[in-house]
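Dumped coords-v2.cif below, it's mmCIF, C-alpha atoms and all ligand atoms:
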```cif
data_input
#
loop_
_atom_site.label_atom_id
_atom_site.label_comp_id
_atom_site.auth_asym_id
_atom_site.auth_seq_id
_atom_site.Cartn_x
_atom_site.Cartn_y
_atom_site.Cartn_z
CA MET A 1 -75.42 95.65 -142.19
CA SER A 2 -77.90 96.00 -139.39
CA ASN A 3 -79.29 94.17 -136.41
CA ILE A 4 -82.98 93.47 -135.89
CA PHE A 5 -84.74 93.52 -132.54
CA SER A 6 -88.31 92.35 -132.99
CA GLY A 7 -91.47 91.54 -131.14
CA GLY A 8 -94.97 91.02 -132.44
CA SER A 9 -95.62 93.35 -135.34
CA HIS A 10 -92.80 95.70 -134.33
CA ASP A 11 -89.23 95.80 -135.53
CA LEU A 12 -86.30 97.87 -134.41
CA ASP A 13 -83.75 97.75 -137.19
CA LEU A 14 -80.53 99.34 -135.96
CA SER A 15 -77.20 100.02 -137.59
CA ASN A 16 -74.15 98.54 -135.90
CA GLY A 17 -73.30 101.79 -134.18
CA ALA A 18 -76.88 102.35 -133.04
CA THR A 19 -77.03 98.80 -131.70
CA ALA A 20 -73.97 99.39 -129.53
CA VAL A 21 -75.49 102.58 -128.08
CA PHE A 22 -78.88 100.97 -127.47
CA ILE A 23 -77.36 97.99 -125.66
CA ASP A 24 -74.90 100.12 -123.67
CA VAL A 25 -77.55 102.34 -122.13
CA LEU A 26 -79.83 99.38 -121.44
CA MET A 27 -76.97 97.53 -119.75
CA LEU A 28 -76.26 100.43 -117.41
CA ALA A 29 -79.92 100.44 -116.33
CA VAL A 30 -80.21 96.66 -116.04
CA SER A 31 -77.03 96.51 -113.95
CA ASP A 32 -78.64 98.68 -111.29
CA LEU A 33 -82.17 97.26 -111.42
CA ALA A 34 -81.52 93.51 -111.63
CA SER A 35 -82.70 91.67 -108.54
CA GLU A 36 -84.26 88.36 -109.59
CA ASP A 37 -82.79 85.47 -111.58
CA TRP A 38 -84.61 86.36 -114.77
CA ASP A 39 -83.11 89.86 -114.73
CA PHE A 40 -79.60 88.46 -114.73
CA ARG A 41 -80.46 86.14 -117.61
CA PHE A 42 -81.70 89.17 -119.54
CA ALA A 43 -78.38 90.87 -118.69
CA THR A 44 -76.56 87.92 -120.25
CA LEU A 45 -78.68 88.32 -123.37
CA LEU A 46 -77.54 91.94 -123.52
CA THR A 47 -73.88 90.95 -123.22
CA LEU A 48 -74.46 88.58 -126.15
CA GLN A 49 -75.32 91.63 -128.27
CA ASP A 50 -71.70 92.80 -128.06
CA GLN A 51 -70.61 93.00 -131.67
CA ASN A 52 -66.97 93.17 -130.67
CA VAL A 53 -67.40 89.57 -129.57
CA MET A 54 -70.18 88.20 -131.76
CA GLY A 55 -69.31 89.98 -135.00
CA ARG A 56 -70.76 93.11 -136.50
CA GLY A 57 -74.27 92.85 -137.85
CA ALA A 58 -74.67 89.42 -136.26
CA VAL A 59 -76.75 90.24 -133.23
CA GLY A 60 -80.37 91.09 -132.40
CA PHE A 61 -83.19 89.24 -130.66
CA ASP A 62 -86.89 88.48 -130.89
CA LEU A 63 -89.15 88.94 -127.87
CA ALA A 64 -91.14 85.92 -129.05
CA GLU A 65 -88.05 83.79 -128.42
CA PHE A 66 -87.58 84.82 -124.80
CA ASP A 67 -88.17 82.42 -121.97
CA TRP A 68 -90.51 84.77 -120.11
CA GLY A 69 -91.43 82.40 -117.31
CA THR A 70 -93.74 79.54 -116.47
CA THR A 71 -96.49 81.40 -114.65
CA GLU A 72 -98.54 84.42 -115.63
CA ARG A 73 -97.10 86.32 -112.68
CA GLU A 74 -93.50 85.54 -113.69
CA ARG A 75 -94.12 86.60 -117.26
CA ALA A 76 -95.78 89.85 -116.24
CA ARG A 77 -92.97 90.59 -113.82
CA ALA A 78 -90.27 89.90 -116.46
CA LYS A 79 -92.00 92.15 -118.97
CA HIS A 80 -92.34 94.86 -116.35
CA PHE A 81 -88.63 94.55 -115.58
CA VAL A 82 -87.68 95.17 -119.22
CA LEU A 83 -89.99 98.20 -119.32
CA ARG A 84 -88.56 99.59 -116.06
CA ALA A 85 -85.00 99.15 -117.37
CA THR A 86 -85.91 100.82 -120.66
CA ALA A 87 -87.49 103.78 -118.83
CA LEU A 88 -84.48 104.12 -116.54
CA ALA A 89 -82.14 104.03 -119.56
CA ALA A 90 -84.24 106.71 -121.26
CA SER A 91 -83.88 108.93 -118.20
CA GLY A 92 -80.16 109.25 -118.97
CA HIS A 93 -79.11 106.91 -116.18
CA ARG A 94 -75.27 106.82 -115.96
CA TRP A 95 -74.86 108.14 -119.50
CA SER A 96 -71.97 110.24 -118.20
CA GLU A 97 -70.01 107.01 -117.79
CA LEU A 98 -70.26 106.12 -121.46
CA GLY A 99 -67.57 108.52 -122.54
CA TYR A 100 -69.70 109.59 -125.52
CA HIS A 101 -73.05 111.23 -126.07
CA PRO A 102 -75.56 108.57 -127.15
CA PRO A 103 -77.21 110.07 -130.23
CA ARG A 104 -80.84 109.30 -131.08
CA VAL A 105 -81.02 106.71 -128.34
CA HIS A 106 -84.27 108.17 -127.00
CA ASN A 107 -85.89 107.20 -130.26
CA TYR A 108 -84.61 103.58 -130.05
CA LEU A 109 -85.65 103.23 -126.42
CA HIS A 110 -89.10 104.64 -127.09
CA ARG A 111 -89.65 102.28 -130.00
CA PHE A 112 -88.34 99.36 -127.96
CA ALA A 113 -90.68 100.22 -125.07
CA THR A 114 -93.64 100.29 -127.48
CA MET A 115 -92.58 96.88 -128.78
CA VAL A 116 -92.30 95.39 -125.30
CA GLU A 117 -95.60 96.89 -124.16
CA SER A 118 -97.43 95.37 -127.11
CA CYS A 119 -95.78 91.98 -126.62
CA VAL A 120 -97.80 89.17 -125.06
CA PRO A 121 -95.19 86.87 -123.51
CA PRO A 122 -95.87 83.32 -124.75
CA ALA A 123 -96.88 80.84 -122.07
CA GLU A 124 -94.71 78.02 -123.33
CA SER A 125 -90.99 78.49 -123.62
CA SER A 126 -90.42 75.92 -126.39
CA ALA A 127 -89.75 78.82 -128.73
CA ALA A 128 -87.08 80.16 -126.39
CA ARG A 129 -84.09 79.85 -128.66
CA GLY A 130 -80.91 81.42 -127.48
CA PHE A 131 -82.37 82.97 -124.34
CA PRO A 132 -79.81 82.40 -121.58
CA GLY A 133 -80.73 79.66 -119.14
CA PRO A 134 -80.68 80.01 -115.33
CA HIS A 135 -77.09 78.73 -115.17
CA GLU A 136 -76.01 81.44 -117.63
CA ALA A 137 -77.26 84.36 -115.58
CA ALA A 138 -74.85 87.33 -115.54
CA MET A 139 -74.35 87.47 -111.80
CA ALA A 140 -70.84 88.91 -111.88
CA SER A 141 -70.47 92.63 -111.48
CA CYS A 142 -67.36 94.37 -112.71
CA ALA A 143 -65.78 95.89 -109.59
CA ARG A 144 -64.43 98.86 -111.49
CA HIS A 145 -67.62 99.90 -113.28
CA ARG A 146 -70.43 98.18 -111.34
CA VAL A 147 -71.80 96.78 -114.57
CA LEU A 148 -72.93 93.16 -114.93
CA SER A 149 -70.82 90.78 -116.96
CA ALA A 150 -71.50 87.24 -118.06
CA LEU A 151 -68.65 85.34 -116.52
CA PRO A 152 -67.20 82.99 -117.54
CA LEU A 153 -68.06 84.08 -121.08
CA TRP A 154 -66.43 87.47 -120.69
CA ASP A 155 -63.96 88.83 -118.24
CA GLY A 156 -65.11 92.33 -117.36
CA CYS A 157 -68.01 94.48 -118.50
CA PHE A 158 -68.58 96.37 -121.75
CA LEU A 159 -66.92 99.47 -120.33
CA CYS A 160 -63.75 97.44 -119.65
CA HIS A 161 -63.72 96.42 -123.31
CA ARG A 162 -64.38 99.75 -124.94
CA PRO A 163 -62.08 100.04 -127.94
CA HIS A 164 -61.10 103.64 -127.25
CA HIS A 165 -60.58 103.62 -123.50
ZN ZN A 201 -65.87 97.06 -116.25
#
```

Turn this file's structure into structure tokens for me.
Amino acid sequence: MSNIFSGGSHDLDLSNGATAVFIDVLMLAVSDLASEDWDFRFATLLTLQDQNVMGRGAVGFDLAEFDWGTTERERARAKHFVLRATALAASGHRWSELGYHPPRVHNYLHRFATMVESCVPPAESSAARGFPGPHEAAMASCARHRVLSALPLWDGCFLCHRPHH
């Protein structure tokens, strides 16, 4: 079973284990970069990729189904945020907190960045299925780990819920 992250003509087809690593490193970056409402909604989307909650092989998203914003400026800013978070994740940001070495994650992040760069955020959000709304923004930060969590959906961040810690 695998999970598919897609956008335009690009696909990132990740095994369950690879998905967990990809989302973990992105979450660490997003937690420290998020500043505007959209960023926290994207953080919620990341928490929804937690296969411990959603079921293994049952996650993934399509950039074409994001609610990127209503103005050109908003959409460009949101896209830039995802690219900044991806670049920060690729720099090894807070990887020491994972408790494991994230194998091959550079490859996933590079392919994801290429996908996002080539994506033209759609102007209308009618296709935005499953993208968290403003009221679902992950504004809570786990005090122990300083990682965003989507209260009230989940109590604590992904590091709190690691199976082996
Ligand atoms: Zn935590």

Check: Counting all atoms listed in the file, which protein, DNA or RNA residues come within 10 Å of ligand ZN 201 (chain A), given as an NGL selection string?
Finding: :A and (141-149 or 155-162)

For Thr19 (chain A), please output as a list in words all residues within 10 Å (counting all atoms listed in the file; exclusion window: fewer than 6 positions along the same chain).
-> Ser2, Asn3, Ile4, Phe5, Leu12, Asp13, Gln49, Asp50, Gln51, Arg56, Gly57, Val59, Gly60, Val105 and Tyr108 of chain A

note - CA of Arg77 (chain A) and CA of Leu98 (chain A) are separated by 28.6 Å

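Closest to Val82 (chain A) among A:Arg129, A:Arg41, A:His135, A:His101 is A:Arg41, based on all atoms listed in the file.
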
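Counting from CA of Gly99 (chain A), the distance to CA of Ala140 (chain A) is 22.6 Å.
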
Counting all atoms listed in the file, closest pick from A:Ala58, A:Leu26, A:Thr70, A:Leu45 relative to Ala123 (chain A) is A:Thr70

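In terms of minimum interatomic distance to Ser126 (chain A), A:Ala64 ranks closest within A:Val21, A:Met139, A:Ala64, A:Ala76, counting only C-alpha atoms.
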
As a check of understanding: the span from CA of Phe66 (chain A) to CA of Pro121 (chain A) is 8.0 Å

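Among the candidate residues A:Leu63, A:Cys119, A:Met27, A:Ala138, the one lying nearest to Thr86 (chain A) is A:Met27, with distances computed using all atoms listed in the file.
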
Using only C-alpha atoms, the shortest atom-to-atom distance to Pro134 (chain A) among A:Val116, A:Leu48, A:Ala85, A:Ala43 belongs to A:Ala43

Around all listed atoms of region 140-145 of chain A, padded 6 Å per side, what centre and edge lengths does the axis-aligned box have in Å to one decimal, as AutoDock Vina command-line options?
```
--center_x -67.6 --center_y 94.4 --center_z -111.4 --size_x 18.4 --size_y 23.0 --size_z 15.7
```

What's around His110 (chain A) at 12 Å? Count all atoms listed in the file, leave out sequence neighbours fewer than 2 positions away in its own chain, and write the answer as number ranges by chain. A: 12, 22, 83, 85-91, 104-108, 112-117

Can you sort out region 47-81 of chain A so it carries N, CA and C atoms, written as a compact mmCIF listing (two decimals), keeping the file's coordinate frame?
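Once written, rebuild.txt looks like this:
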```txt
# COMPACT_ATOMS: atom_id res chain seq x y z
N THR A 47 -75.32 91.09 -122.96
CA THR A 47 -73.88 90.95 -123.22
C THR A 47 -73.64 90.20 -124.53
N LEU A 48 -74.60 89.32 -124.89
CA LEU A 48 -74.46 88.58 -126.15
C LEU A 48 -74.67 89.47 -127.38
N GLN A 49 -75.13 90.70 -127.15
CA GLN A 49 -75.32 91.63 -128.27
C GLN A 49 -74.05 92.44 -128.54
N ASP A 50 -72.96 92.08 -127.88
CA ASP A 50 -71.70 92.80 -128.06
C ASP A 50 -71.07 92.39 -129.39
N GLN A 51 -71.10 93.32 -130.33
CA GLN A 51 -70.61 93.00 -131.67
C GLN A 51 -69.10 92.87 -131.74
N ASN A 52 -68.42 93.37 -130.69
CA ASN A 52 -66.97 93.17 -130.67
C ASN A 52 -66.64 91.70 -130.46
N VAL A 53 -67.61 90.99 -129.84
CA VAL A 53 -67.40 89.57 -129.57
C VAL A 53 -68.09 88.71 -130.61
N MET A 54 -69.36 89.07 -130.92
CA MET A 54 -70.18 88.20 -131.76
C MET A 54 -70.00 88.48 -133.25
N GLY A 55 -69.44 89.61 -133.60
CA GLY A 55 -69.31 89.98 -135.00
C GLY A 55 -70.30 91.06 -135.35
N ARG A 56 -69.89 91.98 -136.17
CA ARG A 56 -70.76 93.11 -136.50
C ARG A 56 -71.91 92.67 -137.38
N GLY A 57 -73.10 93.19 -137.07
CA GLY A 57 -74.27 92.85 -137.85
C GLY A 57 -74.75 91.43 -137.62
N ALA A 58 -74.32 90.82 -136.51
CA ALA A 58 -74.67 89.42 -136.26
C ALA A 58 -75.47 89.24 -134.99
N VAL A 59 -76.01 90.35 -134.48
CA VAL A 59 -76.75 90.24 -133.23
C VAL A 59 -78.22 90.64 -133.44
N GLY A 60 -78.94 90.82 -132.33
CA GLY A 60 -80.37 91.09 -132.40
C GLY A 60 -81.13 89.99 -131.68
N PHE A 61 -82.37 90.28 -131.30
CA PHE A 61 -83.19 89.24 -130.66
C PHE A 61 -84.66 89.47 -130.95
N ASP A 62 -85.45 88.43 -130.66
CA ASP A 62 -86.89 88.48 -130.89
C ASP A 62 -87.58 88.20 -129.56
N LEU A 63 -88.46 89.10 -129.15
CA LEU A 63 -89.15 88.94 -127.87
C LEU A 63 -89.94 87.63 -127.82
N ALA A 64 -90.36 87.16 -129.00
CA ALA A 64 -91.14 85.92 -129.05
C ALA A 64 -90.28 84.71 -128.71
N GLU A 65 -88.95 84.90 -128.71
CA GLU A 65 -88.05 83.79 -128.42
C GLU A 65 -87.46 83.87 -127.02
N PHE A 66 -88.01 84.75 -126.20
CA PHE A 66 -87.58 84.82 -124.80
C PHE A 66 -88.24 83.71 -123.99
N ASP A 67 -87.56 83.28 -122.97
CA ASP A 67 -88.17 82.42 -121.97
C ASP A 67 -88.71 83.36 -120.88
N TRP A 68 -89.97 83.74 -120.99
CA TRP A 68 -90.51 84.77 -120.11
C TRP A 68 -90.90 84.25 -118.73
N GLY A 69 -91.05 82.95 -118.61
CA GLY A 69 -91.43 82.40 -117.31
C GLY A 69 -92.55 81.39 -117.45
N THR A 70 -92.76 80.62 -116.39
CA THR A 70 -93.74 79.54 -116.47
C THR A 70 -95.11 79.94 -115.95
N THR A 71 -95.18 80.96 -115.15
CA THR A 71 -96.49 81.40 -114.65
C THR A 71 -96.81 82.80 -115.19
N GLU A 72 -98.09 83.11 -115.17
CA GLU A 72 -98.54 84.42 -115.63
C GLU A 72 -97.85 85.53 -114.85
N ARG A 73 -97.72 85.33 -113.54
CA ARG A 73 -97.10 86.32 -112.68
C ARG A 73 -95.62 86.54 -113.05
N GLU A 74 -94.91 85.44 -113.29
CA GLU A 74 -93.50 85.54 -113.69
C GLU A 74 -93.35 86.29 -115.01
N ARG A 75 -94.22 85.96 -115.95
CA ARG A 75 -94.12 86.60 -117.26
C ARG A 75 -94.43 88.09 -117.17
N ALA A 76 -95.43 88.43 -116.39
CA ALA A 76 -95.78 89.85 -116.24
C ALA A 76 -94.65 90.61 -115.54
N ARG A 77 -94.05 89.96 -114.57
CA ARG A 77 -92.97 90.59 -113.82
C ARG A 77 -91.74 90.80 -114.72
N ALA A 78 -91.42 89.80 -115.56
CA ALA A 78 -90.27 89.90 -116.46
C ALA A 78 -90.49 91.03 -117.47
N LYS A 79 -91.69 91.09 -118.01
CA LYS A 79 -92.00 92.15 -118.97
C LYS A 79 -91.90 93.52 -118.30
N HIS A 80 -92.40 93.60 -117.09
CA HIS A 80 -92.34 94.86 -116.35
C HIS A 80 -90.89 95.25 -116.08
N PHE A 81 -90.04 94.25 -115.81
CA PHE A 81 -88.63 94.55 -115.58
C PHE A 81 -87.99 95.19 -116.81
```
